[in-house]
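run35.tsv, holding TSV, C-alpha atoms:
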```tsv
chain	number	residue	atom	x	y	z
A	1	MET	CA	-24.41	-10.12	20.04
A	2	THR	CA	-25.78	-12.22	22.91
A	3	LYS	CA	-24.80	-11.49	26.52
A	4	ILE	CA	-22.75	-14.69	26.74
A	5	LYS	CA	-20.83	-13.92	23.53
A	6	MET	CA	-20.27	-10.37	24.77
A	7	LYS	CA	-18.86	-11.65	28.08
A	8	ILE	CA	-16.61	-14.11	26.25
A	9	ALA	CA	-15.37	-11.35	23.94
A	10	ARG	CA	-14.72	-9.05	26.91
A	11	SER	CA	-12.93	-11.87	28.75
A	12	ILE	CA	-10.69	-12.46	25.75
A	13	MET	CA	-9.94	-8.74	25.63
A	14	PHE	CA	-9.10	-8.85	29.35
A	15	ILE	CA	-6.67	-11.72	28.73
A	16	SER	CA	-5.07	-9.77	25.89
A	17	SER	CA	-4.74	-6.65	28.06
A	18	TYR	CA	-2.13	-8.50	30.12
A	19	PHE	CA	-0.05	-9.61	27.15
A	20	PRO	CA	3.09	-7.70	28.23
A	21	LEU	CA	2.84	-9.27	31.70
A	22	TYR	CA	2.90	-12.80	30.25
A	23	ILE	CA	6.15	-12.03	28.44
A	24	LEU	CA	7.72	-10.42	31.51
A	25	LEU	CA	6.69	-13.30	33.80
A	26	ALA	CA	8.11	-15.87	31.37
A	27	ILE	CA	11.45	-14.07	31.41
A	28	LEU	CA	11.36	-13.69	35.19
A	29	GLN	CA	10.48	-17.33	35.82
A	30	THR	CA	13.29	-18.82	33.70
A	31	LYS	CA	15.39	-18.91	36.88
A	32	GLU	CA	12.97	-21.54	38.24
A	33	PHE	CA	13.61	-23.91	35.34
A	34	GLU	CA	16.39	-25.92	36.99
A	35	GLU	CA	14.96	-25.96	40.53
A	36	HIS	CA	11.29	-26.66	39.67
A	37	PRO	CA	11.12	-28.13	36.16
A	38	GLN	CA	7.59	-29.55	36.43
A	39	GLN	CA	6.06	-26.34	37.77
A	40	TRP	CA	8.03	-24.34	35.20
A	41	GLU	CA	6.74	-26.50	32.34
A	42	PHE	CA	3.14	-26.11	33.54
A	43	PHE	CA	3.60	-22.36	33.96
A	44	MET	CA	5.09	-22.05	30.47
A	45	MET	CA	2.20	-24.04	28.99
A	46	VAL	CA	-0.37	-21.74	30.65
A	47	ASP	CA	1.67	-18.67	29.72
A	48	SER	CA	1.89	-19.83	26.10
A	49	VAL	CA	-1.90	-20.31	25.94
A	50	LEU	CA	-2.46	-16.79	27.32
A	51	ILE	CA	0.03	-15.31	24.83
A	52	THR	CA	-1.66	-17.18	21.97
A	53	ILE	CA	-5.13	-15.97	23.03
A	54	SER	CA	-3.78	-12.42	23.27
A	55	LEU	CA	-2.27	-12.43	19.79
A	56	LEU	CA	-5.28	-14.22	18.31
A	57	SER	CA	-7.63	-11.62	19.82
A	58	PHE	CA	-5.64	-8.81	18.25
A	59	PHE	CA	-5.62	-10.44	14.82
A	60	LEU	CA	-9.38	-11.11	15.07
A	61	LEU	CA	-9.88	-7.49	16.04
A	62	ARG	CA	-7.91	-6.38	12.97
A	63	ARG	CA	-10.18	-8.46	10.75
A	64	THR	CA	-13.31	-6.77	12.09
A	65	GLY	CA	-15.24	-5.00	9.35
A	66	ALA	CA	-17.26	-1.80	9.21
A	67	SER	CA	-20.82	-2.77	10.04
A	68	ASN	CA	-21.70	0.42	11.96
A	69	SER	CA	-21.03	4.13	11.98
A	70	CYS	CA	-20.36	6.57	14.78
A	71	LYS	CA	-20.52	10.35	14.95
A	72	PRO	CA	-17.65	11.41	17.23
A	73	THR	CA	-18.47	14.46	19.33
A	74	GLY	CA	-16.65	15.98	22.28
A	75	ILE	CA	-13.45	14.04	21.59
A	76	LYS	CA	-10.87	14.07	24.35
A	77	ARG	CA	-7.30	12.98	23.92
A	78	PRO	CA	-6.33	9.82	25.77
A	79	ASP	CA	-5.31	10.09	29.37
A	80	ASP	CA	-3.13	7.89	31.51
A	81	LYS	CA	-5.61	5.02	32.07
A	82	VAL	CA	-3.38	2.57	30.18
A	83	ILE	CA	-0.36	3.59	32.26
A	84	ASP	CA	-2.40	3.16	35.45
A	85	TYR	CA	-3.50	-0.25	34.21
A	86	VAL	CA	0.10	-1.28	33.49
A	87	PHE	CA	0.95	-0.54	37.12
A	88	THR	CA	-1.29	-3.45	38.09
A	89	TYR	CA	1.47	-5.55	36.52
A	90	ALA	CA	3.82	-4.61	39.38
A	91	ILE	CA	2.16	-6.78	42.03
A	92	PRO	CA	2.40	-10.04	40.05
A	93	LEU	CA	5.90	-9.23	38.84
A	94	LEU	CA	7.19	-8.49	42.31
A	95	SER	CA	5.45	-11.34	44.09
A	96	PHE	CA	5.01	-14.22	41.65
A	97	SER	CA	6.98	-17.42	42.10
A	98	ILE	CA	6.06	-20.81	40.68
A	99	ALA	CA	7.73	-22.34	43.71
A	100	ASP	CA	5.39	-20.64	46.22
A	101	TRP	CA	1.77	-21.79	45.98
A	102	ARG	CA	0.57	-18.85	48.12
A	103	THR	CA	1.75	-16.28	45.57
A	104	ILE	CA	0.07	-18.30	42.83
A	105	ILE	CA	-3.24	-18.31	44.72
A	106	ILE	CA	-3.00	-14.59	45.55
A	107	ASN	CA	-2.23	-13.70	41.93
A	108	VAL	CA	-5.04	-15.89	40.60
A	109	LEU	CA	-7.45	-14.18	43.03
A	110	LEU	CA	-6.10	-10.76	42.02
A	111	PHE	CA	-6.63	-11.56	38.32
A	112	ALA	CA	-10.13	-12.87	39.04
A	113	LEU	CA	-10.97	-9.58	40.78
A	114	LEU	CA	-9.47	-7.55	37.93
A	115	TRP	CA	-11.35	-9.67	35.36
A	116	PHE	CA	-14.63	-9.10	37.21
A	117	LEU	CA	-14.05	-5.34	37.34
A	118	TYR	CA	-12.85	-5.18	33.71
A	119	ILE	CA	-16.07	-6.85	32.54
A	120	LYS	CA	-18.45	-5.15	34.99
A	121	LEU	CA	-17.10	-1.65	34.39
A	122	ASP	CA	-16.77	-2.16	30.61
A	123	LEU	CA	-13.06	-1.29	30.56
A	124	VAL	CA	-12.37	-3.02	27.24
A	125	PHE	CA	-10.93	0.24	25.89
A	126	ILE	CA	-7.95	-0.12	28.27
A	127	ASN	CA	-5.60	-2.49	26.53
A	128	PRO	CA	-1.81	-2.01	26.34
A	129	LEU	CA	-1.57	-4.59	23.52
A	130	TRP	CA	-3.57	-2.25	21.28
A	131	GLY	CA	-1.21	0.58	22.18
A	132	ILE	CA	1.76	-1.56	21.21
A	133	PHE	CA	0.19	-2.06	17.77
A	134	GLY	CA	-0.75	1.62	17.32
A	135	TYR	CA	-4.36	1.74	18.55
A	136	ILE	CA	-5.36	4.55	20.91
A	137	SER	CA	-8.56	5.00	22.92
A	138	TYR	CA	-10.27	8.39	22.75
A	139	GLU	CA	-13.11	9.43	24.99
A	140	HIS	CA	-16.11	11.07	23.36
A	141	ASN	CA	-19.64	11.98	24.42
A	142	ARG	CA	-21.05	8.51	23.83
A	143	GLY	CA	-18.20	6.43	25.22
A	144	TYR	CA	-14.85	5.49	23.74
A	145	ILE	CA	-13.45	5.14	20.25
A	146	ILE	CA	-10.47	2.90	19.63
A	147	THR	CA	-8.60	3.77	16.47
A	148	ASP	CA	-5.27	3.56	14.67
A	149	MET	CA	-5.74	7.09	13.27
A	150	CYS	CA	-3.77	10.04	14.62
A	151	TYR	CA	-5.73	12.59	16.62
A	152	GLU	CA	-5.76	15.31	13.94
A	153	GLU	CA	-7.05	12.90	11.29
A	154	PHE	CA	-9.60	11.41	13.63
A	155	ALA	CA	-10.92	14.66	15.18
A	156	ARG	CA	-11.93	16.28	11.88
A	157	ARG	CA	-14.17	13.38	10.82
A	158	LYS	CA	-17.91	13.91	10.94
A	159	MET	CA	-18.67	10.18	10.73
A	160	LEU	CA	-16.58	7.08	11.31
A	161	LYS	CA	-17.05	3.60	9.90
A	162	GLY	CA	-16.32	0.64	12.11
A	163	CYS	CA	-18.05	-1.59	14.63
A	164	TYR	CA	-19.16	-1.52	18.22
A	165	LEU	CA	-17.20	-3.81	20.55
A	166	THR	CA	-19.67	-2.99	23.31
A	167	ASN	CA	-22.51	-0.46	23.60
A	168	ARG	CA	-20.02	2.28	24.54
A	169	ILE	CA	-16.87	1.24	22.68
A	170	PHE	CA	-16.48	1.78	18.95
A	171	LEU	CA	-13.58	0.46	16.84
A	172	ALA	CA	-12.70	2.71	13.88
A	173	ARG	CA	-9.81	1.44	11.77
A	174	LYS	CA	-7.91	3.81	9.52
A	175	HIS	CA	-8.17	1.83	6.30
A	176	LEU	CA	-11.98	1.68	6.63
A	177	ASN	CA	-12.18	5.47	6.94
A	178	LEU	CA	-9.99	6.66	4.06
```
In structure tokens, how does this file's structure come out?
Amino acid sequence: MTKIKMKIARSIMFISSYFPLYILLAILQTKEFEEHPQQWEFFMMVDSVLITISLLSFFLLRRTGASNSCKPTGIKRPDDKVIDYVFTYAIPLLSFSIADWRTIIINVLLFALLWFLYIKLDLVFINPLWGIFGYISYEHNRGYIITDMCYEEFARRKMLKGCYLTNRIFLARKHLNL
């Protein structure tokens, strides 16, 4: 995969990692509908695009085949990285208003910073949307494995079939490893 395609894929995964936030903001901003209909319509259009990209990314991920294998060693159960990541939702939820252009600018800058860090630090394995659909990230000696298998089933495997999302992140789906 070329560097540009890899950055695009990581960017799409970043967008999908905020899927719950898009839903929460849409609910929160419905109060602005009567007072600011044009801003609300634009916000809902952008929000709908982000939700669509998020869901599309998950369905594309589910269609990924098994072109590689991985030998999991030194597996560690997941920690609270996803919960920590979800707390970054608090700032936009508490401060965002489509009627105040300053909060829009601040939140756009915040998301740009988070996007940069997400890509630069290869944090693709942190994605609450995957957790919602039953995928968990496990740390192992070579990076991270994202899987829909339970820990006991996953830990006893000597070799997993799946594909690399990045150099350090391996996707192992249950049905490919029966």
Can you work out which one of A:Leu56, A:Gln29, A:Tyr118, A:Ile91 has the shortest atom-to-atom distance to A:Ile106, counting only C-alpha atoms?
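Looking at the shortest contact to A:Ile106, the residue is A:Ile91.
Each of A:Leu61, A:Leu25, A:Arg173, A:Leu109 was compared to A:Ser48 using all atoms listed in the file, and A:Leu25 turns out to be the nearest.
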Distance query A:Ser97 at most 12 Å, all atoms listed in the file, self and fewer than 3 positions along chain excluded, as a list in words
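Contacts, with the query itself left out: Leu25, Ala26, Leu28, Gln29, Thr30, Lys31, Glu32, Phe33, Glu35, His36, Gln39, Trp40, Phe43, Ile91, Pro92, Leu93, Leu94, Asp100, Trp101, Arg102, Thr103, Ile104, Ile105, Ile106 and Asn107 of chain A.
Atom pair atom CA of A:Arg10 / atom CA of A:Leu129 has a distance of 14.3 Å (rounded to one decimal).
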For A:Tyr85, the nearest of the candidates A:Asn141, A:Ile126, A:Met13, A:Leu24, counting all atoms listed in the file:
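When distances to A:Tyr85 are compared using all atoms listed in the file, the smallest one comes from A:Ile126.
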Residues at most 12 Å from A:Trp130, counting all atoms listed in the file, excluding those fewer than 4 positions away in the same chain, as a PyMOL selection string?
chain A and resi 13-14+16-20+54-55+57-59+61-62+82+124-126+134-137+146-148+171+173
Go through A:Lys120, A:His175, A:Ile23, A:Pro128 one by one, measure the shortest atom-to-atom distance of each to A:Lys7 using only C-alpha atoms, and give the residue with the smallest value.
A:Lys120
Could you please determine the separation between atom CA of A:Ile51 and atom CA of A:Ile27 in Å, to one decimal place?
13.2 Å
All residues 7 Å or closer to A:Glu139, all atoms listed in the file, same chain fewer than 4 positions away omitted, as a PyMOL selection string
chain A and resi 75-78+143-145
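Between atom CA of A:Leu165 and atom CA of A:Met6 the interatomic distance comes to 8.4 Å.
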Spatial neighbours of A:Leu160, max dist 10 Å, all atoms listed in the file, sep filter under 2 positions, as a PDB file with C-alpha atoms, keeping the file's coordinate frame:
```pdb
ATOM      1  CA  ALA A  66     -17.260  -1.800   9.210  1.00  0.00           C
ATOM      2  CA  ASN A  68     -21.700   0.420  11.960  1.00  0.00           C
ATOM      3  CA  SER A  69     -21.030   4.130  11.980  1.00  0.00           C
ATOM      4  CA  CYS A  70     -20.360   6.570  14.780  1.00  0.00           C
ATOM      5  CA  LYS A  71     -20.520  10.350  14.950  1.00  0.00           C
ATOM      6  CA  PRO A  72     -17.650  11.410  17.230  1.00  0.00           C
ATOM      7  CA  ILE A 145     -13.450   5.140  20.250  1.00  0.00           C
ATOM      8  CA  PHE A 154      -9.600  11.410  13.630  1.00  0.00           C
ATOM      9  CA  ARG A 157     -14.170  13.380  10.820  1.00  0.00           C
ATOM     10  CA  LYS A 158     -17.910  13.910  10.940  1.00  0.00           C
ATOM     11  CA  GLY A 162     -16.320   0.640  12.110  1.00  0.00           C
ATOM     12  CA  CYS A 163     -18.050  -1.590  14.630  1.00  0.00           C
ATOM     13  CA  PHE A 170     -16.480   1.780  18.950  1.00  0.00           C
ATOM     14  CA  LEU A 171     -13.580   0.460  16.840  1.00  0.00           C
ATOM     15  CA  ALA A 172     -12.700   2.710  13.880  1.00  0.00           C
ATOM     16  CA  ARG A 173      -9.810   1.440  11.770  1.00  0.00           C
ATOM     17  CA  LYS A 174      -7.910   3.810   9.520  1.00  0.00           C
ATOM     18  CA  LEU A 176     -11.980   1.680   6.630  1.00  0.00           C
ATOM     19  CA  ASN A 177     -12.180   5.470   6.940  1.00  0.00           C
ATOM     20  CA  LEU A 178      -9.990   6.660   4.060  1.00  0.00           C
TER      21      LEU A 178
END
```
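Nearest to A:Lys161 of all the residues A:Thr2, A:Thr64, A:Thr52, A:Leu117 is A:Thr64, based on all atoms listed in the file.
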Of the candidates A:Met44, A:Ile169, A:Val49, A:Leu110, which shows the shortest atom-to-atom distance to A:Ala90, using only C-alpha atoms?
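Of all the options, A:Leu110 lies closest to A:Ala90.
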Centre and edge lengths, as lines of an AutoDock Vina configuration file, for the axis-aligned box enclosing every listed atom of stretch 159-178 of chain A with 4 Å of padding on each of the six sides, in Å to one decimal?
```
center_x = -15.2
center_y = 3.2
center_z = 14.3
size_x = 22.6
size_y = 22.0
size_z = 28.5
```
Complete the atom set of stretch 111-127 of chain A to N, CA, C and O atoms and return it as a PDB file, in the coordinates of the input.
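Written file, result18.pdb:
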```
ATOM      1  N   PHE A 111      -6.200 -11.589  39.726  1.00  0.00           N
ATOM      2  CA  PHE A 111      -6.630 -11.560  38.320  1.00  0.00           C
ATOM      3  C   PHE A 111      -8.136 -11.815  38.202  1.00  0.00           C
ATOM      4  O   PHE A 111      -8.789 -11.229  37.341  1.00  0.00           O
ATOM      5  N   ALA A 112      -8.678 -12.644  39.065  1.00  0.00           N
ATOM      6  CA  ALA A 112     -10.130 -12.870  39.040  1.00  0.00           C
ATOM      7  C   ALA A 112     -10.865 -11.581  39.406  1.00  0.00           C
ATOM      8  O   ALA A 112     -11.869 -11.231  38.765  1.00  0.00           O
ATOM      9  N   LEU A 113     -10.375 -10.860  40.400  1.00  0.00           N
ATOM     10  CA  LEU A 113     -10.970  -9.580  40.780  1.00  0.00           C
ATOM     11  C   LEU A 113     -10.849  -8.569  39.642  1.00  0.00           C
ATOM     12  O   LEU A 113     -11.826  -7.893  39.291  1.00  0.00           O
ATOM     13  N   LEU A 114      -9.670  -8.474  39.050  1.00  0.00           N
ATOM     14  CA  LEU A 114      -9.470  -7.550  37.930  1.00  0.00           C
ATOM     15  C   LEU A 114     -10.350  -7.924  36.743  1.00  0.00           C
ATOM     16  O   LEU A 114     -10.920  -7.047  36.081  1.00  0.00           O
ATOM     17  N   TRP A 115     -10.484  -9.212  36.459  1.00  0.00           N
ATOM     18  CA  TRP A 115     -11.350  -9.670  35.360  1.00  0.00           C
ATOM     19  C   TRP A 115     -12.787  -9.240  35.626  1.00  0.00           C
ATOM     20  O   TRP A 115     -13.451  -8.701  34.743  1.00  0.00           O
ATOM     21  N   PHE A 116     -13.267  -9.476  36.853  1.00  0.00           N
ATOM     22  CA  PHE A 116     -14.630  -9.100  37.210  1.00  0.00           C
ATOM     23  C   PHE A 116     -14.850  -7.594  37.001  1.00  0.00           C
ATOM     24  O   PHE A 116     -15.837  -7.172  36.390  1.00  0.00           O
ATOM     25  N   LEU A 117     -13.920  -6.784  37.483  1.00  0.00           N
ATOM     26  CA  LEU A 117     -14.050  -5.340  37.340  1.00  0.00           C
ATOM     27  C   LEU A 117     -13.940  -4.903  35.874  1.00  0.00           C
ATOM     28  O   LEU A 117     -14.662  -4.007  35.432  1.00  0.00           O
ATOM     29  N   TYR A 118     -13.051  -5.502  35.132  1.00  0.00           N
ATOM     30  CA  TYR A 118     -12.850  -5.180  33.710  1.00  0.00           C
ATOM     31  C   TYR A 118     -14.143  -5.410  32.933  1.00  0.00           C
ATOM     32  O   TYR A 118     -14.545  -4.586  32.116  1.00  0.00           O
ATOM     33  N   ILE A 119     -14.823  -6.521  33.218  1.00  0.00           N
ATOM     34  CA  ILE A 119     -16.070  -6.850  32.540  1.00  0.00           C
ATOM     35  C   ILE A 119     -17.206  -5.965  33.059  1.00  0.00           C
ATOM     36  O   ILE A 119     -17.940  -5.355  32.284  1.00  0.00           O
ATOM     37  N   LYS A 120     -17.343  -5.880  34.361  1.00  0.00           N
ATOM     38  CA  LYS A 120     -18.450  -5.150  34.990  1.00  0.00           C
ATOM     39  C   LYS A 120     -18.423  -3.662  34.648  1.00  0.00           C
ATOM     40  O   LYS A 120     -19.463  -3.060  34.397  1.00  0.00           O
ATOM     41  N   LEU A 121     -17.239  -3.079  34.643  1.00  0.00           N
ATOM     42  CA  LEU A 121     -17.100  -1.650  34.390  1.00  0.00           C
ATOM     43  C   LEU A 121     -16.878  -1.324  32.910  1.00  0.00           C
ATOM     44  O   LEU A 121     -16.643  -0.160  32.564  1.00  0.00           O
ATOM     45  N   ASP A 122     -16.908  -2.342  32.055  1.00  0.00           N
ATOM     46  CA  ASP A 122     -16.770  -2.160  30.610  1.00  0.00           C
ATOM     47  C   ASP A 122     -15.478  -1.407  30.264  1.00  0.00           C
ATOM     48  O   ASP A 122     -15.490  -0.391  29.578  1.00  0.00           O
ATOM     49  N   LEU A 123     -14.365  -1.929  30.756  1.00  0.00           N
ATOM     50  CA  LEU A 123     -13.060  -1.290  30.560  1.00  0.00           C
ATOM     51  C   LEU A 123     -12.286  -1.860  29.375  1.00  0.00           C
ATOM     52  O   LEU A 123     -11.068  -1.783  29.336  1.00  0.00           O
ATOM     53  N   VAL A 124     -12.995  -2.398  28.406  1.00  0.00           N
ATOM     54  CA  VAL A 124     -12.370  -3.020  27.240  1.00  0.00           C
ATOM     55  C   VAL A 124     -11.449  -2.046  26.505  1.00  0.00           C
ATOM     56  O   VAL A 124     -10.468  -2.451  25.886  1.00  0.00           O
ATOM     57  N   PHE A 125     -11.740  -0.759  26.587  1.00  0.00           N
ATOM     58  CA  PHE A 125     -10.930   0.240  25.890  1.00  0.00           C
ATOM     59  C   PHE A 125      -9.526   0.371  26.477  1.00  0.00           C
ATOM     60  O   PHE A 125      -8.658   0.968  25.858  1.00  0.00           O
ATOM     61  N   ILE A 126      -9.280  -0.177  27.655  1.00  0.00           N
ATOM     62  CA  ILE A 126      -7.950  -0.120  28.270  1.00  0.00           C
ATOM     63  C   ILE A 126      -7.214  -1.406  27.919  1.00  0.00           C
ATOM     64  O   ILE A 126      -7.489  -2.461  28.485  1.00  0.00           O
ATOM     65  N   ASN A 127      -6.304  -1.300  26.968  1.00  0.00           N
ATOM     66  CA  ASN A 127      -5.600  -2.490  26.530  1.00  0.00           C
ATOM     67  C   ASN A 127      -4.216  -2.110  25.997  1.00  0.00           C
ATOM     68  O   ASN A 127      -4.096  -1.602  24.875  1.00  0.00           O
TER      69      ASN A 127
END
```
